[in-house]
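Structure data follow from final_16.csv (CSV, C-alpha atoms):
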chain,number,residue,atom,x,y,z
A,874,MET,CA,-0.7,-3.2,0.3
A,875,ARG,CA,-0.9,-1.3,3.6
A,876,VAL,CA,-1.4,2.5,3.8
A,877,LEU,CA,-1.4,4.8,6.8
A,878,VAL,CA,-3.7,7.9,6.7
A,879,ILE,CA,-2.7,10.7,9.2
A,880,GLU,CA,-5.5,13.2,9.1
A,881,ASP,CA,-7.2,15.0,12.0
A,882,GLU,CA,-10.6,15.7,10.3
A,883,PRO,CA,-12.6,12.5,11.0
A,884,ASP,CA,-15.0,12.6,8.1
A,885,LEU,CA,-12.3,13.2,5.6
A,886,ARG,CA,-10.0,10.6,7.2
A,887,ASN,CA,-12.7,8.0,7.2
A,888,ALA,CA,-13.7,8.8,3.6
A,889,ILE,CA,-10.1,8.4,2.4
A,890,ALA,CA,-9.7,5.1,4.3
A,891,GLN,CA,-13.0,3.9,2.8
A,892,ALA,CA,-11.9,4.7,-0.7
A,893,LEU,CA,-8.5,3.1,-0.3
A,894,SER,CA,-10.1,0.0,1.3
A,895,GLU,CA,-12.5,-0.3,-1.6
A,896,GLU,CA,-9.4,-0.5,-3.9
A,897,GLY,CA,-8.2,-3.5,-1.9
A,898,LEU,CA,-5.7,-1.7,0.3
A,899,ALA,CA,-5.3,-2.3,4.0
A,900,VAL,CA,-5.7,1.0,5.8
A,901,ASP,CA,-4.6,2.2,9.3
A,902,GLN,CA,-5.6,5.6,10.6
A,903,ALA,CA,-4.2,8.2,13.0
A,904,GLU,CA,-6.0,11.4,14.0
A,905,GLU,CA,-2.9,13.3,15.2
A,906,GLY,CA,0.8,13.6,14.3
A,907,GLN,CA,2.3,11.9,17.3
A,908,THR,CA,0.3,8.7,17.0
A,909,GLY,CA,0.8,8.7,13.3
A,910,TYR,CA,4.6,9.0,13.6
A,911,HIS,CA,4.8,6.1,16.1
A,912,LYS,CA,2.6,3.9,13.8
A,913,ALA,CA,4.8,4.8,10.8
A,914,LEU,CA,7.9,3.7,12.8
A,915,ALA,CA,6.2,0.5,14.1
A,916,TRP,CA,5.0,-0.8,10.7
A,917,ASP,CA,6.5,-1.0,7.2
A,918,TYR,CA,3.8,0.8,5.4
A,919,ASP,CA,3.7,0.8,1.6
A,920,ALA,CA,2.7,4.5,1.6
A,921,ILE,CA,1.6,7.2,4.0
A,922,VAL,CA,-1.0,9.9,3.4
A,923,LEU,CA,0.0,12.9,5.6
A,924,ASP,CA,-1.8,16.1,6.5
A,925,ILE,CA,0.3,19.1,7.5
A,926,MET,CA,-1.9,20.9,10.1
A,927,LEU,CA,-2.1,18.2,12.8
A,928,PRO,CA,-2.4,18.3,16.6
A,929,LEU,CA,0.5,17.4,18.9
A,930,MET,CA,3.0,17.0,16.0
A,931,SER,CA,2.7,18.8,12.7
A,932,GLY,CA,3.0,17.0,9.3
A,933,TRP,CA,6.3,18.9,8.8
A,934,GLU,CA,7.6,17.4,12.0
A,935,VAL,CA,6.4,13.9,11.3
A,936,LEU,CA,8.0,14.0,7.8
A,937,SER,CA,11.3,15.3,9.2
A,938,ALA,CA,11.5,12.8,12.0
A,939,LEU,CA,10.4,9.9,9.8
A,940,ARG,CA,13.0,10.6,7.1
A,941,LYS,CA,15.8,10.1,9.7
A,942,THR,CA,15.0,6.3,9.7
A,943,LYS,CA,12.5,5.4,7.0
A,944,SER,CA,12.1,5.8,3.3
A,945,THR,CA,8.3,5.0,3.2
A,946,PRO,CA,6.7,6.8,0.3
A,947,VAL,CA,4.8,9.9,1.7
A,948,LEU,CA,2.0,11.8,-0.1
A,949,ILE,CA,1.3,15.2,1.6
A,950,LEU,CA,-2.4,16.0,1.5
A,951,THR,CA,-3.1,19.5,2.5
A,952,ALA,CA,-5.0,22.7,1.9
A,953,ARG,CA,-1.7,24.7,1.9
A,954,ASP,CA,-1.3,25.4,-1.8
A,955,ALA,CA,1.5,28.0,-1.8
A,956,THR,CA,4.5,27.1,-4.0
A,957,THR,CA,6.8,27.6,-1.0
A,958,ASP,CA,4.8,24.9,0.9
A,959,ARG,CA,5.0,22.5,-2.0
A,960,VAL,CA,8.7,23.0,-2.3
A,961,ARG,CA,9.2,22.6,1.4
A,962,GLY,CA,7.3,19.4,1.4
A,963,LEU,CA,9.0,17.8,-1.6
A,964,ASP,CA,12.5,19.0,-0.5
A,965,GLY,CA,11.8,17.8,3.0
A,966,GLY,CA,11.3,14.2,1.8
A,967,ALA,CA,7.7,13.9,0.6
A,968,ASP,CA,7.3,11.9,-2.6
A,969,ASP,CA,4.1,13.7,-3.8
A,970,TYR,CA,1.9,16.7,-2.8
A,971,LEU,CA,-1.8,16.9,-3.4
A,972,ILE,CA,-4.0,19.9,-2.6
A,973,LYS,CA,-7.4,19.8,-0.9
A,974,PRO,CA,-10.1,19.7,-2.2
A,975,PHE,CA,-9.1,16.7,-4.3
A,976,SER,CA,-10.4,13.9,-6.4
A,977,VAL,CA,-10.5,10.5,-4.6
A,978,LEU,CA,-9.7,8.8,-7.9
A,979,GLU,CA,-6.6,10.9,-8.3
A,980,LEU,CA,-5.6,10.2,-4.7
A,981,VAL,CA,-5.9,6.5,-5.2
A,982,ALA,CA,-4.0,6.7,-8.5
A,983,ARG,CA,-1.2,8.7,-6.9
A,984,ILE,CA,-0.9,6.2,-4.0
A,985,ARG,CA,-0.7,3.3,-6.4
A,986,ALA,CA,2.0,5.1,-8.5
A,987,LEU,CA,4.0,5.7,-5.3
A,988,ILE,CA,3.8,2.1,-4.3
A,989,ARG,CA,4.8,0.9,-7.8
A,990,ARG,CA,7.8,3.3,-8.0
A,991,SER,CA,8.9,2.3,-4.5
A,992,ALA,CA,9.1,-1.3,-5.7
A,993,GLY,CA,11.0,-0.3,-8.9
A,994,GLN,CA,8.0,-0.8,-11.2
A,995,ALA,CA,7.6,2.0,-13.7
A,996,THR,CA,4.3,0.8,-15.4
A,997,SER,CA,1.1,-0.7,-14.2
A,998,HIS,CA,1.5,-3.8,-16.3
A,999,ILE,CA,3.5,-6.7,-15.0
A,1000,GLU,CA,4.0,-9.9,-17.1
A,1001,VAL,CA,5.1,-13.2,-15.5
A,1002,GLY,CA,5.2,-15.8,-18.2
A,1003,SER,CA,1.7,-16.1,-19.7
A,1004,ILE,CA,0.2,-14.1,-16.8
A,1005,CYS,CA,-0.4,-10.3,-17.0
A,1006,VAL,CA,-1.2,-8.3,-13.9
A,1007,ASN,CA,-2.7,-4.9,-14.5
A,1008,LEU,CA,-2.2,-2.9,-11.3
A,1009,ALA,CA,-4.3,0.1,-12.5
A,1010,ASP,CA,-7.6,-1.7,-13.2
A,1011,ARG,CA,-6.8,-4.6,-10.8
A,1012,THR,CA,-7.2,-7.4,-13.3
A,1013,VAL,CA,-5.2,-10.5,-14.1
A,1014,THR,CA,-5.2,-12.4,-17.4
A,1015,LYS,CA,-3.7,-15.8,-18.3
A,1016,CYS,CA,-3.1,-16.5,-21.9
A,1017,ASP,CA,-5.3,-13.4,-22.6
A,1018,GLN,CA,-8.2,-14.8,-20.6
A,1019,LEU,CA,-9.5,-12.8,-17.7
A,1020,ILE,CA,-9.1,-14.6,-14.4
A,1021,ALA,CA,-11.5,-13.7,-11.6
A,1022,LEU,CA,-9.7,-13.1,-8.3
A,1023,THR,CA,-11.1,-11.9,-5.0
A,1024,ALA,CA,-9.8,-8.5,-3.7
A,1025,ARG,CA,-7.6,-10.3,-1.1
A,1026,GLU,CA,-6.2,-12.7,-3.7
A,1027,PHE,CA,-5.4,-9.8,-6.0
A,1028,ALA,CA,-3.7,-7.9,-3.2
A,1029,ILE,CA,-1.4,-10.9,-2.5
A,1030,VAL,CA,-0.6,-11.4,-6.2
A,1031,GLU,CA,0.1,-7.6,-6.4
A,1032,LEU,CA,2.6,-7.8,-3.5
A,1033,LEU,CA,4.3,-10.9,-4.9
A,1034,VAL,CA,4.7,-9.6,-8.5
A,1035,LEU,CA,5.9,-6.2,-7.4
A,1036,HIS,CA,8.6,-8.0,-5.5
A,1037,ARG,CA,9.1,-10.8,-7.9
A,1038,GLY,CA,12.3,-12.7,-7.5
A,1039,LYS,CA,12.4,-11.9,-3.8
A,1040,LEU,CA,11.2,-14.1,-1.0
A,1041,ILE,CA,8.1,-12.7,0.8
A,1042,THR,CA,7.6,-14.2,4.2
A,1043,ARG,CA,4.1,-15.1,5.6
A,1044,THR,CA,4.5,-12.4,8.2
A,1045,ALA,CA,5.2,-9.8,5.5
A,1046,ILE,CA,2.0,-10.8,3.7
A,1047,TYR,CA,0.0,-10.4,6.9
A,1048,ASP,CA,1.6,-7.1,7.6
A,1049,HIS,CA,1.1,-5.7,4.1
A,1050,ILE,CA,-2.3,-7.2,3.2
A,1051,PHE,CA,-4.5,-7.7,6.3
A,1052,ASN,CA,-6.1,-5.2,8.6
A,1053,VAL,CA,-5.6,-5.4,12.3
A,1054,ASP,CA,-9.1,-6.7,12.8
A,1055,ASP,CA,-8.8,-9.5,10.2
A,1056,ASP,CA,-8.9,-13.1,11.1
A,1057,SER,CA,-5.3,-14.1,12.2
A,1058,LEU,CA,-5.6,-17.8,11.7
A,1059,SER,CA,-2.2,-19.2,11.0
A,1060,ASN,CA,-3.2,-20.9,7.7
A,1061,LEU,CA,-5.1,-17.9,6.3
A,1062,VAL,CA,-2.3,-17.0,3.9
A,1063,ASP,CA,-1.9,-20.6,2.8
A,1064,VAL,CA,-5.6,-20.8,2.0
A,1065,HIS,CA,-5.3,-17.7,-0.3
A,1066,ILE,CA,-2.2,-19.0,-1.9
A,1067,SER,CA,-3.9,-22.3,-2.6
A,1068,HIS,CA,-6.8,-20.5,-4.3
A,1069,ILE,CA,-4.4,-18.4,-6.4
A,1070,ARG,CA,-2.5,-21.5,-7.6
A,1071,LYS,CA,-5.8,-23.1,-8.7
A,1072,LYS,CA,-6.6,-20.1,-10.8
A,1073,LEU,CA,-3.2,-19.1,-12.1
A,1074,GLY,CA,-1.3,-22.4,-12.1
A,1075,ALA,CA,0.5,-24.4,-9.5
A,1076,ASP,CA,3.9,-23.1,-10.7
A,1077,PHE,CA,3.0,-19.4,-10.4
A,1078,VAL,CA,3.9,-19.1,-6.7
A,1079,GLU,CA,6.8,-21.1,-5.3
A,1080,THR,CA,6.6,-22.1,-1.6
A,1081,ARG,CA,9.8,-22.1,0.4
A,1082,ARG,CA,8.7,-24.2,3.4
A,1083,GLY,CA,9.2,-22.4,6.7
A,1084,GLN,CA,10.3,-19.3,4.8
A,1085,GLY,CA,7.6,-17.8,2.6
A,1086,TYR,CA,6.6,-17.4,-1.1
A,1087,ILE,CA,8.3,-16.2,-4.2
A,1088,VAL,CA,7.1,-15.4,-7.8
A,1089,HIS,CA,10.0,-15.6,-10.3
A,1090,ASP,CA,10.6,-13.3,-13.2

So, in terms of C-alpha coordinates, how does the structure I just supplied come out?
Amino acid sequence: MRVLVIEDEPDLRNAIAQALSEEGLAVDQAEEGQTGYHKALAWDYDAIVLDIMLPLMSGWEVLSALRKTKSTPVLILTARDATTDRVRGLDGGADDYLIKPFSVLELVARIRALIRRSAGQATSHIEVGSICVNLADRTVTKCDQLIALTAREFAIVELLVLHRGKLITRTAIYDHIFNVDDDSLSNLVDVHISHIRKKLGADFVETRRGQGYIVHD
(Lines of atoms letter the chains of each structure in order from A and count residues from 1; the text may use other names and numbers.)
(Lines give C-alpha, C1' and ligand atoms only; values in the text may rest on other atoms or scores of the structure.)
Protein backbone atom coordinates (compact mmCIF):
# COMPACT_ATOMS: atom_id res chain seq x y z
CA MET A 1 0.00 0.00 0.00
CA ARG A 2 1.20 3.52 -0.81
CA VAL A 3 0.98 6.42 1.65
CA LEU A 4 1.78 10.12 1.23
CA VAL A 5 3.17 12.00 4.25
CA ILE A 6 2.77 15.80 4.04
CA GLU A 7 4.73 17.29 6.95
CA ASP A 8 7.09 20.27 7.02
CA GLU A 9 9.22 19.19 10.02
CA PRO A 10 11.93 17.02 8.39
CA ASP A 11 12.87 14.84 11.36
CA LEU A 12 9.25 14.01 12.12
CA ARG A 13 8.44 13.45 8.45
CA ASN A 14 11.37 11.06 8.04
CA ALA A 15 10.51 9.23 11.26
CA ILE A 16 6.92 8.69 10.11
CA ALA A 17 8.09 7.55 6.69
CA GLN A 18 10.57 5.14 8.27
CA ALA A 19 7.93 3.66 10.59
CA LEU A 20 5.46 3.16 7.75
CA SER A 21 8.16 1.68 5.50
CA GLU A 22 9.09 -0.81 8.21
CA GLU A 23 5.46 -1.92 8.17
CA GLY A 24 5.75 -2.74 4.48
CA LEU A 25 4.11 0.42 3.13
CA ALA A 26 5.50 2.37 0.19
CA VAL A 27 5.90 6.00 1.31
CA ASP A 28 6.16 9.29 -0.57
CA GLN A 29 6.92 12.57 1.20
CA ALA A 30 6.15 16.26 0.74
CA GLU A 31 7.57 19.07 2.87
CA GLU A 32 4.95 21.69 2.05
CA GLY A 33 1.29 21.80 1.14
CA GLN A 34 1.45 22.74 -2.51
CA THR A 35 3.76 19.90 -3.48
CA GLY A 36 1.75 17.53 -1.32
CA TYR A 37 -1.46 18.53 -3.01
CA HIS A 38 -0.04 17.98 -6.50
CA LYS A 39 1.33 14.57 -5.50
CA ALA A 40 -2.05 13.63 -4.03
CA LEU A 41 -3.68 14.47 -7.35
CA ALA A 42 -1.07 12.67 -9.44
CA TRP A 43 -1.15 9.34 -7.55
CA ASP A 44 -3.92 7.13 -6.25
CA TYR A 45 -2.63 6.86 -2.71
CA ASP A 46 -4.17 4.40 -0.26
CA ALA A 47 -3.93 7.00 2.52
CA ILE A 48 -2.51 10.46 3.25
CA VAL A 49 -1.00 11.76 6.50
CA LEU A 50 -1.57 15.51 6.53
CA ASP A 51 -0.20 18.21 8.83
CA ILE A 52 -2.21 21.43 9.18
CA MET A 53 0.42 24.14 9.64
CA LEU A 54 2.23 23.86 6.29
CA PRO A 55 4.11 26.36 4.09
CA LEU A 56 2.64 27.58 0.78
CA MET A 57 -0.67 25.79 1.25
CA SER A 58 -2.15 24.92 4.63
CA GLY A 59 -3.48 21.50 5.48
CA TRP A 60 -7.00 22.94 5.55
CA GLU A 61 -6.52 24.18 1.97
CA VAL A 62 -5.02 20.89 0.81
CA LEU A 63 -7.93 18.93 2.28
CA SER A 64 -10.57 21.25 0.84
CA ALA A 65 -9.04 21.21 -2.65
CA LEU A 66 -8.45 17.46 -2.60
CA ARG A 67 -12.02 16.64 -1.63
CA LYS A 68 -13.29 18.31 -4.80
CA THR A 69 -11.86 15.47 -6.89
CA LYS A 70 -10.59 12.62 -4.67
CA SER A 71 -11.82 10.46 -1.81
CA THR A 72 -8.39 9.24 -0.65
CA PRO A 73 -8.48 8.50 3.11
CA VAL A 74 -6.84 11.39 5.01
CA LEU A 75 -5.48 11.32 8.56
CA ILE A 76 -4.80 14.79 9.96
CA LEU A 77 -1.72 14.78 12.18
CA THR A 78 -1.36 18.04 14.08
CA ALA A 79 -0.59 19.73 17.39
CA ARG A 80 -3.89 21.63 17.15
CA ASP A 81 -5.96 19.87 19.79
CA ALA A 82 -8.96 22.18 20.16
CA THR A 83 -12.34 20.54 19.69
CA THR A 84 -13.21 23.15 17.07
CA ASP A 85 -10.15 22.12 15.02
CA ARG A 86 -11.05 18.43 15.23
CA VAL A 87 -14.62 19.17 14.16
CA ARG A 88 -13.37 21.38 11.32
CA GLY A 89 -11.05 18.64 10.09
CA LEU A 90 -13.55 15.80 10.25
CA ASP A 91 -16.41 17.87 8.82
CA GLY A 92 -14.05 19.12 6.13
CA GLY A 93 -13.47 15.62 4.80
CA ALA A 94 -10.73 14.09 6.96
CA ASP A 95 -11.25 10.46 7.93
CA ASP A 96 -9.26 10.57 11.16
CA TYR A 97 -7.55 13.12 13.42
CA LEU A 98 -4.48 12.41 15.58
CA ILE A 99 -2.86 14.87 17.99
CA LYS A 100 0.90 15.41 18.34
CA PRO A 101 2.76 14.08 20.25
CA PHE A 102 1.56 10.63 19.25
CA SER A 103 2.45 6.95 19.38
CA VAL A 104 3.94 5.62 16.15
CA LEU A 105 2.22 2.30 16.80
CA GLU A 106 -1.12 4.09 17.01
CA LEU A 107 -0.43 6.05 13.83
CA VAL A 108 0.39 2.87 11.91
CA ALA A 109 -2.72 1.13 13.27
CA ARG A 110 -4.94 4.06 12.30
CA ILE A 111 -3.47 4.17 8.78
CA ARG A 112 -4.07 0.45 8.32
CA ALA A 113 -7.64 0.83 9.60
CA LEU A 114 -8.28 3.65 7.12
CA ILE A 115 -6.95 1.53 4.25
CA ARG A 116 -9.10 -1.45 5.29
CA ARG A 117 -12.26 0.59 5.62
CA SER A 118 -11.63 2.32 2.30
CA ALA A 119 -11.54 -1.12 0.70
CA GLY A 120 -14.76 -2.13 2.46
CA GLN A 121 -12.98 -4.46 4.89
CA ALA A 122 -14.21 -4.12 8.47
CA THR A 123 -11.79 -6.49 10.21
CA SER A 124 -8.10 -7.29 9.93
CA HIS A 125 -8.72 -10.96 9.13
CA ILE A 126 -9.45 -12.02 5.56
CA GLU A 127 -10.10 -15.64 4.61
CA VAL A 128 -9.73 -16.93 1.06
CA GLY A 129 -10.44 -20.64 1.09
CA SER A 130 -7.91 -22.30 3.38
CA ILE A 131 -5.77 -19.17 3.49
CA CYS A 132 -6.12 -16.57 6.26
CA VAL A 133 -4.47 -13.16 5.91
CA ASN A 134 -4.05 -11.17 9.12
CA LEU A 135 -3.54 -7.53 8.17
CA ALA A 136 -2.82 -6.44 11.74
CA ASP A 137 0.16 -8.67 12.50
CA ARG A 138 1.04 -9.14 8.81
CA THR A 139 0.91 -12.93 8.78
CA VAL A 140 -0.52 -15.48 6.40
CA THR A 141 -1.56 -19.03 7.28
CA LYS A 142 -2.60 -21.89 5.02
CA CYS A 143 -4.55 -24.72 6.64
CA ASP A 144 -3.52 -23.17 9.98
CA GLN A 145 0.17 -23.39 9.08
CA LEU A 146 2.15 -20.15 9.13
CA ILE A 147 3.57 -19.26 5.70
CA ALA A 148 6.69 -17.10 5.54
CA LEU A 149 6.31 -14.23 3.07
CA THR A 150 8.71 -11.40 2.37
CA ALA A 151 7.51 -7.86 3.11
CA ARG A 152 6.97 -7.21 -0.60
CA GLU A 153 5.12 -10.51 -1.11
CA PHE A 154 2.82 -9.72 1.81
CA ALA A 155 2.16 -6.23 0.44
CA ILE A 156 1.03 -7.71 -2.88
CA VAL A 157 -1.13 -10.32 -1.14
CA GLU A 158 -2.65 -7.57 1.00
CA LEU A 159 -3.52 -5.48 -2.05
CA LEU A 160 -5.07 -8.44 -3.88
CA VAL A 161 -7.16 -9.74 -0.97
CA LEU A 162 -8.40 -6.30 0.02
CA HIS A 163 -9.75 -6.02 -3.52
CA ARG A 164 -10.60 -9.69 -3.99
CA GLY A 165 -12.94 -10.34 -6.85
CA LYS A 166 -11.54 -7.33 -8.73
CA LEU A 167 -8.90 -7.31 -11.43
CA ILE A 168 -5.71 -5.55 -10.29
CA THR A 169 -3.48 -4.46 -13.14
CA ARG A 170 0.30 -4.80 -13.09
CA THR A 171 0.51 -1.00 -13.21
CA ALA A 172 -1.73 -0.72 -10.15
CA ILE A 173 0.54 -3.10 -8.24
CA TYR A 174 3.59 -1.01 -9.13
CA ASP A 175 1.79 2.20 -8.15
CA HIS A 176 0.55 0.88 -4.79
CA ILE A 177 3.46 -1.30 -3.71
CA PHE A 178 6.77 -0.04 -5.07
CA ASN A 179 8.66 3.12 -4.17
CA VAL A 180 9.81 5.46 -6.91
CA ASP A 181 13.42 4.31 -6.46
CA ASP A 182 12.59 0.60 -6.71
CA ASP A 183 13.77 -1.51 -9.61
CA SER A 184 11.26 -1.02 -12.44
CA LEU A 185 12.05 -4.21 -14.36
CA SER A 186 8.97 -5.18 -16.35
CA ASN A 187 8.84 -8.70 -14.90
CA LEU A 188 9.33 -7.74 -11.25
CA VAL A 189 5.64 -8.18 -10.38
CA ASP A 190 5.55 -11.53 -12.22
CA VAL A 191 8.51 -12.74 -10.17
CA HIS A 192 6.78 -11.86 -6.89
CA ILE A 193 3.49 -13.42 -8.02
CA SER A 194 5.37 -16.62 -8.93
CA HIS A 195 6.89 -16.78 -5.44
CA ILE A 196 3.47 -16.19 -3.86
CA ARG A 197 1.96 -19.04 -5.88
CA LYS A 198 4.71 -21.41 -4.81
CA LYS A 199 3.96 -20.62 -1.17
CA LEU A 200 0.16 -20.28 -1.20
CA GLY A 201 -0.82 -22.49 -4.12
CA ALA A 202 -1.00 -22.08 -7.87
CA ASP A 203 -4.72 -21.31 -7.78
CA PHE A 204 -4.50 -18.53 -5.17
CA VAL A 205 -3.87 -15.82 -7.78
CA GLU A 206 -5.40 -15.96 -11.25
CA THR A 207 -3.51 -14.29 -14.07
CA ARG A 208 -5.48 -12.51 -16.77
CA ARG A 209 -2.89 -12.37 -19.51
CA GLY A 210 -2.28 -8.82 -20.67
CA GLN A 211 -4.66 -7.48 -18.00
CA GLY A 212 -3.50 -8.26 -14.49
CA TYR A 213 -4.23 -10.49 -11.49
CA ILE A 214 -7.25 -11.42 -9.41
CA VAL A 215 -7.90 -13.23 -6.15
CA HIS A 216 -11.41 -14.66 -5.96
CA ASP A 217 -13.68 -14.71 -2.91

**Message:** Would you pick out the contacts of range 1073-1077 of chain A at 9 Å or less, using only C-alpha atoms, so that residues sharing its chain but fewer than 2 positions from it are not included, and give the list as a ChimeraX atom specification?
**Reply:** /A:1001-1002,1004,1014-1015,1020,1067-1071,1079,1087-1089

**Item:** Å distance separating CA of Ala913 in chain A from CA of Val900 in chain A, one decimal place
**Value:** 12.2 Å

**Asked** In terms of the shortest atom-to-atom distance over all atoms listed in the file, which of A:Asp901, A:Asp968, A:Glu1000, A:Asp881 is closest to Thr945 in chain A?
**Response** A:Asp968

**Fill in**
Pairwise distance, CA of Ala1028 in chain A with CA of Val1013 in chain A, equals 11.3 Å

**Message:** Please list as a PyMOL selection string every residue within 9 Å of Ile972 in chain A, counting all atoms listed in the file and excluding residues in the same chain fewer than 2 positions away.
**Reply:** chain A and resi 949-954+970+974-975

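Coordinates place CA of Val1034 in chain A at a distance of 9.8 Å from CA of Gln994 in chain A.
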
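Once Ser944 in chain A and its same-chain neighbours fewer than 2 positions away are set aside, Asp917, Tyr918, Asp919, Ala920, Leu939, Arg940, Lys941, Thr942, Pro946, Val947, Gly966, Ala967, Asp968 and Ser991 of chain A remain within 10 Å of it when counting only C-alpha atoms.
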
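Among the candidate residues A:Val960, A:Leu929, A:Ala915, A:Met874, the one lying nearest to Tyr1047 in chain A is A:Met874, with distances computed using all atoms listed in the file.
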
**Item:** Shell around Arg985 in chain A at 9 Å using only C-alpha atoms, local window under 3 positions removed, as a list of chain:residue names
**Value:** A:Ala920, A:Leu980, A:Val981, A:Ala982, A:Ile988, A:Arg989, A:Arg990, A:Ser997, A:Leu1008, A:Ala1009

Residues within 8 Å of (5.3, -14.6, -4.2), counting only C-alpha atoms, listed as an mmCIF file with C-alpha atoms, in the frame of the given file:
data_model
loop_
_atom_site.group_PDB
_atom_site.id
_atom_site.type_symbol
_atom_site.label_atom_id
_atom_site.label_comp_id
_atom_site.auth_asym_id
_atom_site.auth_seq_id
_atom_site.Cartn_x
_atom_site.Cartn_y
_atom_site.Cartn_z
ATOM 1 C CA ILE A 1029 -1.400 -10.900 -2.500
ATOM 2 C CA VAL A 1030 -0.600 -11.400 -6.200
ATOM 3 C CA LEU A 1032 2.600 -7.800 -3.500
ATOM 4 C CA LEU A 1033 4.300 -10.900 -4.900
ATOM 5 C CA VAL A 1034 4.700 -9.600 -8.500
ATOM 6 C CA HIS A 1036 8.600 -8.000 -5.500
ATOM 7 C CA ARG A 1037 9.100 -10.800 -7.900
ATOM 8 C CA GLY A 1038 12.300 -12.700 -7.500
ATOM 9 C CA LYS A 1039 12.400 -11.900 -3.800
ATOM 10 C CA LEU A 1040 11.200 -14.100 -1.000
ATOM 11 C CA ILE A 1041 8.100 -12.700 0.800
ATOM 12 C CA VAL A 1078 3.900 -19.100 -6.700
ATOM 13 C CA GLU A 1079 6.800 -21.100 -5.300
ATOM 14 C CA GLY A 1085 7.600 -17.800 2.600
ATOM 15 C CA TYR A 1086 6.600 -17.400 -1.100
ATOM 16 C CA ILE A 1087 8.300 -16.200 -4.200
ATOM 17 C CA VAL A 1088 7.100 -15.400 -7.800
ATOM 18 C CA HIS A 1089 10.000 -15.600 -10.300
#

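With only C-alpha atoms as the atoms that count, the residue of A:His998, A:Arg1082, A:His1049, A:Arg1043 with the shortest distance to Ala986 in chain A is A:His998.
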
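Minimum atom-to-atom distance to Asp924 in chain A, evaluated using all atoms listed in the file, belongs to A:Arg886 out of A:Arg886, A:Arg1011, A:Arg983, A:Arg1025.
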
**Message:** My list of candidates is A:Leu1019, A:Ile1050, A:Ala903, A:Ile925. Which is closest to Lys973 in chain A when distances are computed with all atoms listed in the file?
**Reply:** A:Ile925

**Item:** Residue contacts of Thr1044 in chain A (12 Å, only C-alpha atoms) excluding same-chain residues fewer than 6 positions away, as JSON, numbers by chain
**Value:** {"A": [916, 917, 1050, 1051, 1057, 1058, 1059, 1060, 1061, 1062, 1063, 1083, 1084, 1085, 1086]}

I need the residues from that last selection saved to file as a CSV table (one decimal), in the frame of the given file (with C-alpha atoms), if you can.
chain,number,residue,atom,x,y,z
A,916,TRP,CA,5.0,-0.8,10.7
A,917,ASP,CA,6.5,-1.0,7.2
A,1050,ILE,CA,-2.3,-7.2,3.2
A,1051,PHE,CA,-4.5,-7.7,6.3
A,1057,SER,CA,-5.3,-14.1,12.2
A,1058,LEU,CA,-5.6,-17.8,11.7
A,1059,SER,CA,-2.2,-19.2,11.0
A,1060,ASN,CA,-3.2,-20.9,7.7
A,1061,LEU,CA,-5.1,-17.9,6.3
A,1062,VAL,CA,-2.3,-17.0,3.9
A,1063,ASP,CA,-1.9,-20.6,2.8
A,1083,GLY,CA,9.2,-22.4,6.7
A,1084,GLN,CA,10.3,-19.3,4.8
A,1085,GLY,CA,7.6,-17.8,2.6
A,1086,TYR,CA,6.6,-17.4,-1.1
